[in-house]
Amino acid sequence: MTTRFKKLLHDKVVPEQIRMGKELPLDVYARNGLLLLSKGHFVLSDRQREKLLEMGYSVDGNRMDAVSLPEQPDTMTVRESVLHEMAFLQQRTRTLLSYAMQLEDFPRKVGILVRDIIRLTEQHPDGVIASLLLVPFNEYGPAHALHTTALLALLSRRIPDLSAARRTTMLSAALTMNMSICELQNALYHQQEALSQQQEDEIASHPLMSSAILREAGVRDELWHWLVQTHHESWLGNGYPYGLARGEIESLAHMLHMADITCAKLTPRSYRAGMVPAAALGHIFQRKDHEFDPAYTTLLIKELGIYPPGSFVKLANDEIGVVLARSEKASEPQVAAIRRGDGPAYIDALIRDTSLPAHKVLAPCPATLAGVRPSHLARLWRTQAN
């Protein structure tokens, strides 16, 4: 652990401190420590003044708060299983998103994490796909950021004219696009009731607020900022925050938007199961041409397959199996049987040849029918040969 210091918020600003047409006598911060307006700037509208009074805090520069920060490694420690490695990457993602403005050289640390995600997707693509469906998480926000980034890493390696620099920037944007609402995402993961007005406002403003936090954390790459700001813009013209028309949306932002939606569909909520992967991918594919670029949706289907690794299937012999890897024939993935349809889980998974009639894949099935924990399956995607 390392220790740094941050300024402590002092008091809510008061009306006497913020006057129309006058210079601010102090820096005004949001509750999360984000600088809203610097000392010396002019307050130019009633609405601006109202927002500063509503959200603003002053800072006592003489008081400092010690912040213990988890170490961020510059090299990736190879773990036994890809699923274990992705679980560790979740922890690293959480640290980056939680301490962005306290970490030294934040952009470089994001780059290191992106590098490790790319490396893992290149070495173990099937295991990474499986991890999106199987690795449990305590906090939805960091998990979703990592899932979207990993999916984009898989897809973008198939785009020959995409430069390494632009690819890294897109993946950095995916990792940080929701950093201003991570805590809200964690809460909404458990929430069944309708959004409150405050929650709706936070969601509507998060592309711009996340970009603002990135700028405070030292990010100067304008493409990175633009992708974060526009990752919710839609070909339908009803996206936010700018409501851009189809032709105004950067292609990388559009790919990020599709990956964001795909990962959200695949992930269960605390009160409902995630969509069966085949159904989620089918739903995305049906929206091609008018909502998503068909080149990207085709790439998504080709990369994940009909039965993605980590998804569960029913075999012709009434066994339930987990897909280990894709194969040249989409309908015949590599599968490990884990239980009979009406029996307990096997002690060891049994590899099945799905090209044989007895082991033919009949249909996808929900994870709730698997009857096993992800920890029981982790060894199926080892990072090293035995």
# chains A, B, ... in the order shown; residues from 1 in each chain; ligands from 1

$ select_by_dssp --residues "segment 66-247 of chain A" --states "strand (DSSP E)" --output "ChimeraX atom specification"
/A:66-69

$ write_last_selection --atoms "N, CA and C atoms" --output "PDB file, in the first residue's frame"
ATOM      1  N   ALA A  66      -5.179  11.548   4.823  1.00  0.00           N
ATOM      2  CA  ALA A  66      -4.318  10.486   4.310  1.00  0.00           C
ATOM      3  C   ALA A  66      -5.172   9.441   3.594  1.00  0.00           C
ATOM      4  N   VAL A  67      -4.760   9.062   2.400  1.00  0.00           N
ATOM      5  CA  VAL A  67      -5.478   8.085   1.594  1.00  0.00           C
ATOM      6  C   VAL A  67      -4.557   6.913   1.314  1.00  0.00           C
ATOM      7  N   SER A  68      -4.933   5.725   1.752  1.00  0.00           N
ATOM      8  CA  SER A  68      -4.142   4.530   1.477  1.00  0.00           C
ATOM      9  C   SER A  68      -4.564   3.958   0.132  1.00  0.00           C
ATOM     10  N   LEU A  69      -3.610   3.824  -0.757  1.00  0.00           N
ATOM     11  CA  LEU A  69      -3.897   3.378  -2.103  1.00  0.00           C
ATOM     12  C   LEU A  69      -3.288   2.011  -2.348  1.00  0.00           C
TER      13      LEU A  69
END

$ closest_residue --among "A:Thr262, A:Thr383, A:Thr121, A:Thr267" --to "Gly282 of chain A" --atoms "only C-alpha atoms"
A:Thr262

$ residues_around --residues "Arg379 of chain A" --least-positions-apart "4" --cutoff "12 Å" --atoms "only C-alpha atoms" --output "list in words"
Arg79, Glu80, Ser81, Val82, Leu83, His84, Glu85, Gly127, Ala130, Ser131, Leu324, Ala336, Asp348, Ala349, Arg373, Pro374, Ser375, Thr383, Gln384, Ala385 and Asn386 of chain A

$ closest_residue --among "A:Ser210, A:Ser172, A:Thr298, A:Gln229" --to "Ile118 of chain A" --atoms "only C-alpha atoms"
A:Ser172

$ atom_distance --atom1 "atom CA of Val110 of chain A" --atom2 "atom CA of Glu122 of chain A"
18.4 Å

$ residues_around --residues "Lys265 of chain A" --least-positions-apart "3" --cutoff "10 Å" --atoms "only C-alpha atoms" --output "short mmCIF file (atom, residue, chain, number, x, y, z; two decimals) with N, CA and C atoms, in the first residue's frame"
data_model
loop_
_atom_site.label_atom_id
_atom_site.label_comp_id
_atom_site.auth_asym_id
_atom_site.auth_seq_id
_atom_site.Cartn_x
_atom_site.Cartn_y
_atom_site.Cartn_z
N ALA A 259 -20.67 -2.45 -27.54
CA ALA A 259 -20.07 -3.35 -26.54
C ALA A 259 -20.66 -3.10 -25.16
N ASP A 260 -20.89 -1.84 -24.83
CA ASP A 260 -21.50 -1.45 -23.55
C ASP A 260 -22.87 -2.11 -23.39
N ILE A 261 -23.69 -2.02 -24.41
CA ILE A 261 -25.04 -2.59 -24.36
C ILE A 261 -24.98 -4.12 -24.30
N THR A 262 -24.08 -4.71 -25.08
CA THR A 262 -23.95 -6.17 -25.11
C THR A 262 -23.60 -6.70 -23.73
N PRO A 268 -26.14 -10.61 -15.23
CA PRO A 268 -27.34 -10.69 -14.40
C PRO A 268 -27.41 -9.53 -13.42
N ARG A 269 -28.59 -9.24 -12.95
CA ARG A 269 -28.77 -8.32 -11.83
C ARG A 269 -28.98 -9.15 -10.57
N ALA A 273 -31.83 -12.98 -13.67
CA ALA A 273 -30.73 -13.60 -14.40
C ALA A 273 -30.39 -12.78 -15.63
N GLY A 274 -29.15 -12.91 -16.09
CA GLY A 274 -28.77 -12.29 -17.34
C GLY A 274 -29.41 -13.04 -18.50
N MET A 275 -29.46 -12.42 -19.66
CA MET A 275 -30.02 -13.07 -20.83
C MET A 275 -29.12 -14.24 -21.24
N VAL A 276 -29.72 -15.32 -21.72
CA VAL A 276 -28.93 -16.39 -22.32
C VAL A 276 -28.11 -15.75 -23.44
N PRO A 277 -26.79 -15.98 -23.50
CA PRO A 277 -25.94 -15.28 -24.48
C PRO A 277 -26.46 -15.33 -25.91
N ALA A 279 -29.47 -15.44 -26.95
CA ALA A 279 -30.60 -14.52 -27.07
C ALA A 279 -30.12 -13.06 -27.07
N ALA A 280 -29.15 -12.75 -26.21
CA ALA A 280 -28.62 -11.39 -26.15
C ALA A 280 -27.97 -11.00 -27.47
N LEU A 281 -27.17 -11.89 -28.03
CA LEU A 281 -26.50 -11.61 -29.30
C LEU A 281 -27.51 -11.50 -30.43
N HIS A 283 -30.54 -10.45 -30.15
CA HIS A 283 -31.23 -9.17 -29.99
C HIS A 283 -30.40 -8.03 -30.57
N ILE A 284 -29.10 -8.06 -30.34
CA ILE A 284 -28.21 -7.04 -30.91
C ILE A 284 -28.20 -7.14 -32.43
#

$ residues_around --residues "Val114 of chain A" --least-positions-apart "6" --cutoff "9 Å" --atoms "only C-alpha atoms" --output "PyMOL selection string"
chain A and resi 149-150+153+168+171-172+175

$ residues_around --residues "Gln90 of chain A" --least-positions-apart "6" --cutoff "12 Å" --atoms "only C-alpha atoms" --output "count of residues only"
25

$ closest_residue --among "A:Ser331, A:Glu222, A:Met170, A:Ser163" --to "His254 of chain A" --atoms "only C-alpha atoms"
A:Met170

$ closest_residue --among "A:Arg340, A:Arg167, A:Arg115, A:Lys12" --to "Leu223 of chain A" --atoms "only C-alpha atoms"
A:Arg167

$ closest_residue --among "A:Thr169, A:Leu214, A:Met55, A:Leu120" --to "Phe106 of chain A" --atoms "only C-alpha atoms"
A:Leu214

$ closest_residue --among "A:Asn178, A:Ser98, A:Gln286, A:Gln334" --to "Gly305 of chain A" --atoms "only C-alpha atoms"
A:Gln334

$ atom_distance --atom1 "atom CA of Gln199 of chain A" --atom2 "atom CA of Gly243 of chain A"
19.8 Å
